Amino acid sequence: MESRSVALVTLGCARNEVDSEELAGRLADEGWTLVDDAAQADVAVINTCGFVEQAKKDSIDALLEANDLKDHGRTQAVVAVGCLAERYGEQLAAQLPEADAVLGFDSYVDMSSHLRAVLDGHAPASHTPSDRRKLLPISPVDRQGADVAHPGHGDVREPGATDIASPASSPRVIRARLDGRPWAPLKIASGCDRRCSFCAIPSFRGAFVSRRPHDVLAEARWLGQHDVREVFLVSENSTSYGKDLGDLRLLDTMLPELTAVEGISRVRVSYLQPAELRPELLDVMTETPGVVPYFDISFQHASGPLLRRMRRFGDKDSFLQLLAEVRSRAPYAGIRSNVIVGFPGETDQDMAELESFLTQAQLDVVGVFGYSDEDGTEAETYGAKLPDHEVADRLAHFQSLAEQLNEQRAADRIGETVEVLVEADGTAETDDGEVRGRAGQQGPDVDGETILEVEPGSVAIGDVVTARVTSTIGIDLVARPA
């Protein structure tokens, strides 16, 4: 069979990155050549994001940009996959004829044949969207083993039940690295059972399903064999892990096993729901060597009445108490969160409560989003919508406040000792002569970085360096090896 080349372009979150690397593993196993540059590929596969309006626009722009390559590059076809394709399917195909195919999650396991069909002029029918929550039983314990696609979960069959010859070291691991970073996201679950009134993710990602611990550990071992030093555990809701396997304590027991994997220096947990964050899990996260002192907690707001309208739990006082419990265990922990402003019915009192919370919380990073209607969500039907200009004003105010508070929080770390995973050794043209990495308190991509005061090339990518913070640049830390 003629060898064809494919480039995967990933937009959105770290969960999408896992999905792209699984697709890359499947395609490599089917004889496809993986290339970095879409202009050098026969097919450009765009793994889209469908989270918020700006992410949708970015995904469409990426599809149009890839389509332009067909006029002056090797590229013969552009295929849309990912959340935007899953969420809108036929509608996206009708509005964006530049995409030669729009394929949903159910197509991933047979992506090779679909791409070959596209190149042969026989593109499969565009994906027909549906509410993926309805594909699985209501009871979480009845969901394991259901014949439903979960991107990023690999092959869920027992090794003896499959003849897939994965390029990985285990028949359970289907993945190919698409970058040389010393860290990698590792999916522990997919979907969400929460019904936040503003969020459409469960409708296209489906109900919550955990990966079995031995599958997670097998993939961690594979990553450790492929130069990964930090695994970043991702899901839509990590604090629900194990509930469909009959044991909510599975993350507690799996974390020490992950830190013991050969080659893995540290483990990071993302996306914790405050209402589900148990004291026992806090204990394990703060007492297990190798689990970094990092808490990604989804607060969304701090006004109790507004949170009820969001179909969420908690308020300013309960959140501050939770933060106190984290810091009583790990005084130097890094804590990040996201908040939404301009939600329908948000009052001046609600905003004052949020501002008071953020001022007291001392969060390392706060992502601030302005509310916008999402198709099919409960909040889309709410009254008391704020004018766009008012949402924009509130967004600008809280973004400015968050920037000031986060920079102050970084400055407060001067004098602290941190463990820095080196990600740039200062020798590449893109490094600008700086040695950079991330402290345990800094999550990938969006939480700032640490500049190490060492000579370029004196440490290697993937090293973990103990250093003392000497100064800051915005939210970035500057540190000198201890």
# chains A, B, ... in the order shown; residues from 1 in each chain; ligands from 1
>>> select_by_dssp(residues="region 39-145 of chain A", states="strand (DSSP E or B)", output="list in words")
Val43, Ala44, Val45, Ile46, Asn47, Thr48, Ala77, Val78, Val79, Ala80, Val81, Ala101 and Val102 of chain A
>>> select_by_dssp(residues="region 29-114 of chain A", states="alpha helix (DSSP H)", output="ChimeraX atom specification")
/A:29,53-72,82-88,90-95,111-114
>>> residues_around(residues="Gly154 (chain A)", least_positions_apart="5", cutoff="8 Å", atoms="only C-alpha atoms", output="short mmCIF file (atom, residue, chain, number, x, y, z; two decimals) with all heavy atoms, in the first residue's frame")
data_model
loop_
_atom_site.label_atom_id
_atom_site.label_comp_id
_atom_site.auth_asym_id
_atom_site.auth_seq_id
_atom_site.Cartn_x
_atom_site.Cartn_y
_atom_site.Cartn_z
N GLU A 22 -2.98 9.97 20.23
CA GLU A 22 -3.55 8.66 19.99
C GLU A 22 -3.84 8.47 18.50
O GLU A 22 -3.55 7.41 17.92
CB GLU A 22 -4.84 8.47 20.79
CG GLU A 22 -5.43 7.07 20.60
CD GLU A 22 -6.81 6.92 21.22
OE1 GLU A 22 -6.89 6.75 22.45
OE2 GLU A 22 -7.80 6.98 20.46
N ARG A 172 -1.82 -2.11 25.02
CA ARG A 172 -2.86 -1.22 25.51
C ARG A 172 -2.58 0.24 25.15
O ARG A 172 -3.44 1.08 25.27
CB ARG A 172 -2.98 -1.32 27.03
CG ARG A 172 -3.64 -2.59 27.50
CD ARG A 172 -3.86 -2.53 28.99
NE ARG A 172 -4.70 -3.61 29.41
CZ ARG A 172 -6.03 -3.59 29.36
NH1 ARG A 172 -6.64 -2.54 28.88
NH2 ARG A 172 -6.73 -4.62 29.77
N VAL A 173 -1.35 0.57 24.78
CA VAL A 173 -0.96 1.96 24.54
C VAL A 173 -0.93 2.22 23.05
O VAL A 173 -0.18 1.60 22.32
CB VAL A 173 0.41 2.27 25.16
CG1 VAL A 173 0.79 3.72 24.91
CG2 VAL A 173 0.40 1.96 26.66
N ILE A 174 -1.75 3.16 22.61
CA ILE A 174 -1.75 3.56 21.21
C ILE A 174 -1.48 5.05 21.19
O ILE A 174 -2.36 5.87 21.43
CB ILE A 174 -3.10 3.25 20.53
CG1 ILE A 174 -3.44 1.77 20.66
CG2 ILE A 174 -3.07 3.66 19.07
CD1 ILE A 174 -4.79 1.40 20.12
N ARG A 175 -0.24 5.39 20.93
CA ARG A 175 0.15 6.80 21.04
C ARG A 175 1.48 7.02 20.33
O ARG A 175 2.31 6.12 20.28
CB ARG A 175 0.27 7.19 22.51
CG ARG A 175 0.53 8.67 22.76
CD ARG A 175 0.24 9.05 24.20
NE ARG A 175 0.48 10.47 24.43
CZ ARG A 175 0.12 11.13 25.52
NH1 ARG A 175 -0.50 10.46 26.50
NH2 ARG A 175 0.37 12.41 25.66
#
>>> residues_around(residues="region 257-267 of chain A", least_positions_apart="2", cutoff="7 Å", atoms="only C-alpha atoms", output="PDB file with all heavy atoms, in the first residue's frame")
ATOM      1  N   LEU A 217      -1.456   3.465  34.018  1.00  0.00           N
ATOM      2  CA  LEU A 217      -0.074   3.156  34.393  1.00  0.00           C
ATOM      3  C   LEU A 217       0.732   2.643  33.207  1.00  0.00           C
ATOM      4  O   LEU A 217       1.915   2.965  33.057  1.00  0.00           O
ATOM      5  CB  LEU A 217      -0.066   2.136  35.531  1.00  0.00           C
ATOM      6  CG  LEU A 217      -0.513   2.691  36.892  1.00  0.00           C
ATOM      7  CD1 LEU A 217      -0.866   1.560  37.850  1.00  0.00           C
ATOM      8  CD2 LEU A 217       0.588   3.566  37.483  1.00  0.00           C
ATOM      9  N   ARG A 221       4.132   4.375  31.826  1.00  0.00           N
ATOM     10  CA  ARG A 221       5.405   3.680  31.615  1.00  0.00           C
ATOM     11  C   ARG A 221       5.925   3.938  30.208  1.00  0.00           C
ATOM     12  O   ARG A 221       7.132   4.151  30.001  1.00  0.00           O
ATOM     13  CB  ARG A 221       5.234   2.181  31.874  1.00  0.00           C
ATOM     14  CG  ARG A 221       5.127   1.822  33.359  1.00  0.00           C
ATOM     15  CD  ARG A 221       5.221   0.326  33.572  1.00  0.00           C
ATOM     16  NE  ARG A 221       4.023  -0.362  33.106  1.00  0.00           N
ATOM     17  CZ  ARG A 221       2.944  -0.585  33.862  1.00  0.00           C
ATOM     18  NH1 ARG A 221       2.928  -0.179  35.121  1.00  0.00           N
ATOM     19  NH2 ARG A 221       1.914  -1.231  33.377  1.00  0.00           N
ATOM     20  N   GLY A 224       7.328   7.391  30.090  1.00  0.00           N
ATOM     21  CA  GLY A 224       8.623   7.420  30.745  1.00  0.00           C
ATOM     22  C   GLY A 224       9.731   6.868  29.873  1.00  0.00           C
ATOM     23  O   GLY A 224      10.895   7.282  29.975  1.00  0.00           O
ATOM     24  N   GLN A 225       9.399   5.922  28.993  1.00  0.00           N
ATOM     25  CA  GLN A 225      10.369   5.348  28.065  1.00  0.00           C
ATOM     26  C   GLN A 225      10.624   6.268  26.863  1.00  0.00           C
ATOM     27  O   GLN A 225      11.532   6.019  26.070  1.00  0.00           O
ATOM     28  CB  GLN A 225       9.873   3.991  27.568  1.00  0.00           C
ATOM     29  CG  GLN A 225       9.789   2.939  28.669  1.00  0.00           C
ATOM     30  CD  GLN A 225       8.942   1.742  28.253  1.00  0.00           C
ATOM     31  OE1 GLN A 225       8.469   1.661  27.115  1.00  0.00           O
ATOM     32  NE2 GLN A 225       8.719   0.823  29.182  1.00  0.00           N
ATOM     33  N   VAL A 228       9.681  11.442  28.663  1.00  0.00           N
ATOM     34  CA  VAL A 228       8.765  12.285  29.444  1.00  0.00           C
ATOM     35  C   VAL A 228       9.163  12.206  30.911  1.00  0.00           C
ATOM     36  O   VAL A 228       9.352  11.116  31.456  1.00  0.00           O
ATOM     37  CB  VAL A 228       7.303  11.839  29.254  1.00  0.00           C
ATOM     38  CG1 VAL A 228       6.381  12.544  30.247  1.00  0.00           C
ATOM     39  CG2 VAL A 228       6.862  12.103  27.820  1.00  0.00           C
ATOM     40  N   ARG A 229       9.306  13.354  31.555  1.00  0.00           N
ATOM     41  CA  ARG A 229       9.671  13.399  32.966  1.00  0.00           C
ATOM     42  C   ARG A 229       8.522  13.847  33.860  1.00  0.00           C
ATOM     43  O   ARG A 229       8.538  13.605  35.061  1.00  0.00           O
ATOM     44  CB  ARG A 229      10.865  14.352  33.157  1.00  0.00           C
ATOM     45  CG  ARG A 229      12.122  13.863  32.451  1.00  0.00           C
ATOM     46  CD  ARG A 229      12.607  12.529  33.048  1.00  0.00           C
ATOM     47  NE  ARG A 229      13.659  11.900  32.242  1.00  0.00           N
ATOM     48  CZ  ARG A 229      13.428  10.887  31.419  1.00  0.00           C
ATOM     49  NH1 ARG A 229      12.211  10.376  31.296  1.00  0.00           N
ATOM     50  NH2 ARG A 229      14.404  10.354  30.726  1.00  0.00           N
ATOM     51  N   GLU A 230       7.536  14.502  33.271  1.00  0.00           N
ATOM     52  CA  GLU A 230       6.352  14.907  34.042  1.00  0.00           C
ATOM     53  C   GLU A 230       5.097  14.463  33.307  1.00  0.00           C
ATOM     54  O   GLU A 230       4.933  14.764  32.120  1.00  0.00           O
ATOM     55  CB  GLU A 230       6.307  16.420  34.243  1.00  0.00           C
ATOM     56  CG  GLU A 230       5.033  16.900  34.950  1.00  0.00           C
ATOM     57  CD  GLU A 230       4.940  18.407  35.041  1.00  0.00           C
ATOM     58  OE1 GLU A 230       5.894  19.038  35.538  1.00  0.00           O
ATOM     59  OE2 GLU A 230       3.901  18.961  34.612  1.00  0.00           O
ATOM     60  N   VAL A 231       4.215  13.748  34.005  1.00  0.00           N
ATOM     61  CA  VAL A 231       2.917  13.429  33.431  1.00  0.00           C
ATOM     62  C   VAL A 231       1.881  14.355  34.056  1.00  0.00           C
ATOM     63  O   VAL A 231       1.854  14.567  35.271  1.00  0.00           O
ATOM     64  CB  VAL A 231       2.524  11.950  33.616  1.00  0.00           C
ATOM     65  CG1 VAL A 231       3.381  11.057  32.753  1.00  0.00           C
ATOM     66  CG2 VAL A 231       2.586  11.514  35.069  1.00  0.00           C
ATOM     67  N   PHE A 232       1.051  14.908  33.201  1.00  0.00           N
ATOM     68  CA  PHE A 232       0.035  15.890  33.566  1.00  0.00           C
ATOM     69  C   PHE A 232      -1.318  15.199  33.420  1.00  0.00           C
ATOM     70  O   PHE A 232      -1.796  14.980  32.310  1.00  0.00           O
ATOM     71  CB  PHE A 232       0.173  17.087  32.621  1.00  0.00           C
ATOM     72  CG  PHE A 232      -0.767  18.219  32.873  1.00  0.00           C
ATOM     73  CD1 PHE A 232      -1.107  18.607  34.155  1.00  0.00           C
ATOM     74  CD2 PHE A 232      -1.282  18.939  31.796  1.00  0.00           C
ATOM     75  CE1 PHE A 232      -1.964  19.674  34.371  1.00  0.00           C
ATOM     76  CE2 PHE A 232      -2.123  20.011  32.003  1.00  0.00           C
ATOM     77  CZ  PHE A 232      -2.470  20.383  33.287  1.00  0.00           C
ATOM     78  N   MET A 254      -3.579   5.487  43.030  1.00  0.00           N
ATOM     79  CA  MET A 254      -2.838   5.475  41.773  1.00  0.00           C
ATOM     80  C   MET A 254      -1.698   6.485  41.768  1.00  0.00           C
ATOM     81  O   MET A 254      -0.658   6.252  41.127  1.00  0.00           O
ATOM     82  CB  MET A 254      -3.782   5.737  40.597  1.00  0.00           C
ATOM     83  CG  MET A 254      -3.138   5.559  39.231  1.00  0.00           C
ATOM     84  SD  MET A 254      -4.331   5.578  37.875  1.00  0.00           S
ATOM     85  CE  MET A 254      -4.859   7.295  37.928  1.00  0.00           C
ATOM     86  N   LEU A 255      -1.846   7.608  42.465  1.00  0.00           N
ATOM     87  CA  LEU A 255      -0.805   8.631  42.430  1.00  0.00           C
ATOM     88  C   LEU A 255       0.552   8.100  42.894  1.00  0.00           C
ATOM     89  O   LEU A 255       1.571   8.332  42.214  1.00  0.00           O
ATOM     90  CB  LEU A 255      -1.231   9.845  43.255  1.00  0.00           C
ATOM     91  CG  LEU A 255      -2.279  10.759  42.606  1.00  0.00           C
ATOM     92  CD1 LEU A 255      -2.728  11.842  43.578  1.00  0.00           C
ATOM     93  CD2 LEU A 255      -1.729  11.382  41.328  1.00  0.00           C
ATOM     94  N   VAL A 269      -1.706  16.927  38.788  1.00  0.00           N
ATOM     95  CA  VAL A 269      -3.134  16.636  38.654  1.00  0.00           C
ATOM     96  C   VAL A 269      -3.856  17.915  38.250  1.00  0.00           C
ATOM     97  O   VAL A 269      -3.607  18.989  38.811  1.00  0.00           O
ATOM     98  CB  VAL A 269      -3.729  16.104  39.973  1.00  0.00           C
ATOM     99  CG1 VAL A 269      -5.186  15.699  39.769  1.00  0.00           C
ATOM    100  CG2 VAL A 269      -2.915  14.927  40.491  1.00  0.00           C
ATOM    101  N   GLY A 290       6.969  13.415  44.691  1.00  0.00           N
ATOM    102  CA  GLY A 290       6.822  13.323  43.241  1.00  0.00           C
ATOM    103  C   GLY A 290       5.532  13.923  42.728  1.00  0.00           C
ATOM    104  O   GLY A 290       5.438  14.265  41.547  1.00  0.00           O
ATOM    105  N   VAL A 291       4.515  14.050  43.581  1.00  0.00           N
ATOM    106  CA  VAL A 291       3.301  14.778  43.188  1.00  0.00           C
ATOM    107  C   VAL A 291       3.558  16.251  43.476  1.00  0.00           C
ATOM    108  O   VAL A 291       3.826  16.631  44.613  1.00  0.00           O
ATOM    109  CB  VAL A 291       2.064  14.280  43.965  1.00  0.00           C
ATOM    110  CG1 VAL A 291       0.847  15.126  43.595  1.00  0.00           C
ATOM    111  CG2 VAL A 291       1.799  12.813  43.666  1.00  0.00           C
ATOM    112  N   VAL A 292       3.509  17.080  42.442  1.00  0.00           N
ATOM    113  CA  VAL A 292       3.896  18.478  42.612  1.00  0.00           C
ATOM    114  C   VAL A 292       2.853  19.235  43.426  1.00  0.00           C
ATOM    115  O   VAL A 292       1.663  18.891  43.413  1.00  0.00           O
ATOM    116  CB  VAL A 292       4.116  19.178  41.249  1.00  0.00           C
ATOM    117  CG1 VAL A 292       5.268  18.555  40.503  1.00  0.00           C
ATOM    118  CG2 VAL A 292       2.845  19.137  40.411  1.00  0.00           C
TER     119      VAL A 292
END
>>> residues_around(residues="Ala428 (chain A)", least_positions_apart="6", cutoff="10 Å", atoms="only C-alpha atoms", output="number ranges by chain")
A: 434-435, 456-457
>>> residues_around(residues="Gln76 (chain A)", least_positions_apart="6", cutoff="12 Å", atoms="only C-alpha atoms", output="ChimeraX atom specification")
/A:4-7,38-45,66-70,98-100,115-116,118-121
>>> closest_residue(among="A:Ile335, A:Ile46, A:Ile188, A:Ala146", to="Val102 (chain A)", atoms="only C-alpha atoms")
A:Ile46
>>> residues_around(residues="region 382-389 of chain A", least_positions_apart="4", cutoff="8 Å", atoms="only C-alpha atoms", output="PyMOL selection string")
chain A and resi 342-345+378+393
>>> closest_residue(among="A:Arg195, A:Arg132, A:Arg177, A:His397", to="Arg308 (chain A)", atoms="only C-alpha atoms")
A:Arg195
>>> closest_residue(among="A:Ile414, A:Val326, A:Val368, A:Val454", to="Thr470 (chain A)", atoms="only C-alpha atoms")
A:Ile414
>>> atom_distance(atom1="CA of Pro185 (chain A)", atom2="CA of Ala467 (chain A)")
24.8 Å
>>> closest_residue(among="A:Gly191, A:Pro213, A:Gly474, A:Gly334", to="Glu236 (chain A)", atoms="only C-alpha atoms")
A:Gly191
>>> closest_residue(among="A:Pro202, A:Gly73, A:Gly25, A:Pro279", to="Ser112 (chain A)", atoms="only C-alpha atoms")
A:Gly25
>>> atom_distance(atom1="CA of Thr48 (chain A)", atom2="CA of Asp296 (chain A)")
23.5 Å
>>> closest_residue(among="A:Leu477, A:Val391, A:Ala460, A:Val78", to="Asp412 (chain A)", atoms="only C-alpha atoms")
A:Leu477
>>> decode(residues="region 290-330 of chain A", atoms="N, CA and C atoms", output="PDB file, in the first residue's frame")
ATOM      1  N   GLY A 290       6.969  13.415  44.691  1.00  0.00           N
ATOM      2  CA  GLY A 290       6.822  13.323  43.241  1.00  0.00           C
ATOM      3  C   GLY A 290       5.532  13.923  42.728  1.00  0.00           C
ATOM      4  N   VAL A 291       4.515  14.050  43.581  1.00  0.00           N
ATOM      5  CA  VAL A 291       3.301  14.778  43.188  1.00  0.00           C
ATOM      6  C   VAL A 291       3.558  16.251  43.476  1.00  0.00           C
ATOM      7  N   VAL A 292       3.509  17.080  42.442  1.00  0.00           N
ATOM      8  CA  VAL A 292       3.896  18.478  42.612  1.00  0.00           C
ATOM      9  C   VAL A 292       2.853  19.235  43.426  1.00  0.00           C
ATOM     10  N   PRO A 293       3.263  20.292  44.128  1.00  0.00           N
ATOM     11  CA  PRO A 293       2.331  21.070  44.945  1.00  0.00           C
ATOM     12  C   PRO A 293       1.522  22.031  44.091  1.00  0.00           C
ATOM     13  N   TYR A 294       0.549  21.484  43.385  1.00  0.00           N
ATOM     14  CA  TYR A 294      -0.201  22.240  42.378  1.00  0.00           C
ATOM     15  C   TYR A 294      -1.663  21.845  42.455  1.00  0.00           C
ATOM     16  N   PHE A 295      -2.540  22.850  42.536  1.00  0.00           N
ATOM     17  CA  PHE A 295      -3.978  22.585  42.654  1.00  0.00           C
ATOM     18  C   PHE A 295      -4.725  23.450  41.647  1.00  0.00           C
ATOM     19  N   ASP A 296      -5.297  22.781  40.659  1.00  0.00           N
ATOM     20  CA  ASP A 296      -6.093  23.422  39.611  1.00  0.00           C
ATOM     21  C   ASP A 296      -7.560  23.235  40.004  1.00  0.00           C
ATOM     22  N   ILE A 297      -8.124  24.236  40.671  1.00  0.00           N
ATOM     23  CA  ILE A 297      -9.451  24.106  41.282  1.00  0.00           C
ATOM     24  C   ILE A 297     -10.447  24.981  40.529  1.00  0.00           C
ATOM     25  N   SER A 298     -11.544  24.375  40.094  1.00  0.00           N
ATOM     26  CA  SER A 298     -12.533  25.071  39.274  1.00  0.00           C
ATOM     27  C   SER A 298     -13.565  25.777  40.164  1.00  0.00           C
ATOM     28  N   PHE A 299     -13.318  27.065  40.468  1.00  0.00           N
ATOM     29  CA  PHE A 299     -14.260  27.811  41.307  1.00  0.00           C
ATOM     30  C   PHE A 299     -15.383  28.437  40.481  1.00  0.00           C
ATOM     31  N   GLN A 300     -15.066  29.075  39.369  1.00  0.00           N
ATOM     32  CA  GLN A 300     -15.988  29.723  38.433  1.00  0.00           C
ATOM     33  C   GLN A 300     -16.592  31.032  38.943  1.00  0.00           C
ATOM     34  N   HIS A 301     -16.818  31.152  40.232  1.00  0.00           N
ATOM     35  CA  HIS A 301     -17.294  32.401  40.831  1.00  0.00           C
ATOM     36  C   HIS A 301     -17.171  32.233  42.332  1.00  0.00           C
ATOM     37  N   ALA A 302     -17.612  33.227  43.103  1.00  0.00           N
ATOM     38  CA  ALA A 302     -17.550  33.099  44.554  1.00  0.00           C
ATOM     39  C   ALA A 302     -18.839  33.520  45.249  1.00  0.00           C
ATOM     40  N   SER A 303     -19.805  33.995  44.480  1.00  0.00           N
ATOM     41  CA  SER A 303     -21.093  34.370  45.048  1.00  0.00           C
ATOM     42  C   SER A 303     -21.990  33.147  45.128  1.00  0.00           C
ATOM     43  N   GLY A 304     -22.419  32.788  46.341  1.00  0.00           N
ATOM     44  CA  GLY A 304     -23.261  31.610  46.508  1.00  0.00           C
ATOM     45  C   GLY A 304     -24.519  31.638  45.652  1.00  0.00           C
ATOM     46  N   PRO A 305     -25.318  32.729  45.691  1.00  0.00           N
ATOM     47  CA  PRO A 305     -26.543  32.762  44.875  1.00  0.00           C
ATOM     48  C   PRO A 305     -26.266  32.624  43.376  1.00  0.00           C
ATOM     49  N   LEU A 306     -25.199  33.272  42.894  1.00  0.00           N
ATOM     50  CA  LEU A 306     -24.900  33.165  41.462  1.00  0.00           C
ATOM     51  C   LEU A 306     -24.429  31.762  41.115  1.00  0.00           C
ATOM     52  N   LEU A 307     -23.640  31.152  41.990  1.00  0.00           N
ATOM     53  CA  LEU A 307     -23.199  29.781  41.746  1.00  0.00           C
ATOM     54  C   LEU A 307     -24.383  28.833  41.664  1.00  0.00           C
ATOM     55  N   ARG A 308     -25.449  29.096  42.445  1.00  0.00           N
ATOM     56  CA  ARG A 308     -26.644  28.238  42.337  1.00  0.00           C
ATOM     57  C   ARG A 308     -27.246  28.358  40.940  1.00  0.00           C
ATOM     58  N   ARG A 309     -27.255  29.591  40.387  1.00  0.00           N
ATOM     59  CA  ARG A 309     -27.778  29.768  39.027  1.00  0.00           C
ATOM     60  C   ARG A 309     -26.890  29.065  38.007  1.00  0.00           C
ATOM     61  N   MET A 310     -25.627  28.951  38.340  1.00  0.00           N
ATOM     62  CA  MET A 310     -24.714  28.215  37.468  1.00  0.00           C
ATOM     63  C   MET A 310     -24.836  26.708  37.642  1.00  0.00           C
ATOM     64  N   ARG A 311     -25.695  26.275  38.588  1.00  0.00           N
ATOM     65  CA  ARG A 311     -25.841  24.850  38.936  1.00  0.00           C
ATOM     66  C   ARG A 311     -24.545  24.302  39.535  1.00  0.00           C
ATOM     67  N   ARG A 312     -23.948  25.132  40.405  1.00  0.00           N
ATOM     68  CA  ARG A 312     -22.728  24.725  41.078  1.00  0.00           C
ATOM     69  C   ARG A 312     -22.893  24.924  42.579  1.00  0.00           C
ATOM     70  N   PHE A 313     -21.895  24.478  43.331  1.00  0.00           N
ATOM     71  CA  PHE A 313     -21.947  24.519  44.777  1.00  0.00           C
ATOM     72  C   PHE A 313     -20.857  25.425  45.317  1.00  0.00           C
ATOM     73  N   GLY A 314     -21.041  25.868  46.563  1.00  0.00           N
ATOM     74  CA  GLY A 314     -20.002  26.624  47.248  1.00  0.00           C
ATOM     75  C   GLY A 314     -20.272  28.104  47.301  1.00  0.00           C
ATOM     76  N   ASP A 315     -19.383  28.811  47.998  1.00  0.00           N
ATOM     77  CA  ASP A 315     -19.434  30.265  48.111  1.00  0.00           C
ATOM     78  C   ASP A 315     -18.063  30.736  48.588  1.00  0.00           C
ATOM     79  N   LYS A 316     -17.943  32.037  48.782  1.00  0.00           N
ATOM     80  CA  LYS A 316     -16.643  32.608  49.141  1.00  0.00           C
ATOM     81  C   LYS A 316     -16.064  31.954  50.388  1.00  0.00           C
ATOM     82  N   ASP A 317     -16.870  31.840  51.456  1.00  0.00           N
ATOM     83  CA  ASP A 317     -16.343  31.336  52.723  1.00  0.00           C
ATOM     84  C   ASP A 317     -15.899  29.883  52.614  1.00  0.00           C
ATOM     85  N   SER A 318     -16.697  29.041  51.942  1.00  0.00           N
ATOM     86  CA  SER A 318     -16.319  27.628  51.816  1.00  0.00           C
ATOM     87  C   SER A 318     -15.080  27.476  50.943  1.00  0.00           C
ATOM     88  N   PHE A 319     -14.942  28.323  49.921  1.00  0.00           N
ATOM     89  CA  PHE A 319     -13.760  28.251  49.064  1.00  0.00           C
ATOM     90  C   PHE A 319     -12.508  28.695  49.818  1.00  0.00           C
ATOM     91  N   LEU A 320     -12.632  29.757  50.595  1.00  0.00           N
ATOM     92  CA  LEU A 320     -11.475  30.206  51.378  1.00  0.00           C
ATOM     93  C   LEU A 320     -11.078  29.153  52.409  1.00  0.00           C
ATOM     94  N   GLN A 321     -12.063  28.452  52.973  1.00  0.00           N
ATOM     95  CA  GLN A 321     -11.752  27.385  53.915  1.00  0.00           C
ATOM     96  C   GLN A 321     -11.021  26.244  53.218  1.00  0.00           C
ATOM     97  N   LEU A 322     -11.449  25.911  51.995  1.00  0.00           N
ATOM     98  CA  LEU A 322     -10.769  24.867  51.226  1.00  0.00           C
ATOM     99  C   LEU A 322      -9.320  25.263  50.951  1.00  0.00           C
ATOM    100  N   LEU A 323      -9.100  26.511  50.574  1.00  0.00           N
ATOM    101  CA  LEU A 323      -7.738  26.968  50.315  1.00  0.00           C
ATOM    102  C   LEU A 323      -6.887  26.910  51.581  1.00  0.00           C
ATOM    103  N   ALA A 324      -7.503  27.223  52.722  1.00  0.00           N
ATOM    104  CA  ALA A 324      -6.772  27.123  53.987  1.00  0.00           C
ATOM    105  C   ALA A 324      -6.373  25.679  54.270  1.00  0.00           C
ATOM    106  N   GLU A 325      -7.255  24.731  53.922  1.00  0.00           N
ATOM    107  CA  GLU A 325      -6.940  23.319  54.136  1.00  0.00           C
ATOM    108  C   GLU A 325      -5.795  22.875  53.226  1.00  0.00           C
ATOM    109  N   VAL A 326      -5.784  23.368  51.993  1.00  0.00           N
ATOM    110  CA  VAL A 326      -4.679  23.046  51.089  1.00  0.00           C
ATOM    111  C   VAL A 326      -3.369  23.591  51.660  1.00  0.00           C
ATOM    112  N   ARG A 327      -3.373  24.852  52.070  1.00  0.00           N
ATOM    113  CA  ARG A 327      -2.133  25.491  52.508  1.00  0.00           C
ATOM    114  C   ARG A 327      -1.682  25.007  53.879  1.00  0.00           C
ATOM    115  N   SER A 328      -2.614  24.493  54.683  1.00  0.00           N
ATOM    116  CA  SER A 328      -2.169  23.916  55.953  1.00  0.00           C
ATOM    117  C   SER A 328      -1.349  22.663  55.709  1.00  0.00           C
ATOM    118  N   ARG A 329      -1.585  21.998  54.573  1.00  0.00           N
ATOM    119  CA  ARG A 329      -0.836  20.804  54.200  1.00  0.00           C
ATOM    120  C   ARG A 329       0.396  21.144  53.365  1.00  0.00           C
ATOM    121  N   ALA A 330       0.259  22.150  52.499  1.00  0.00           N
ATOM    122  CA  ALA A 330       1.343  22.532  51.588  1.00  0.00           C
ATOM    123  C   ALA A 330       1.393  24.046  51.508  1.00  0.00           C
TER     124      ALA A 330
END
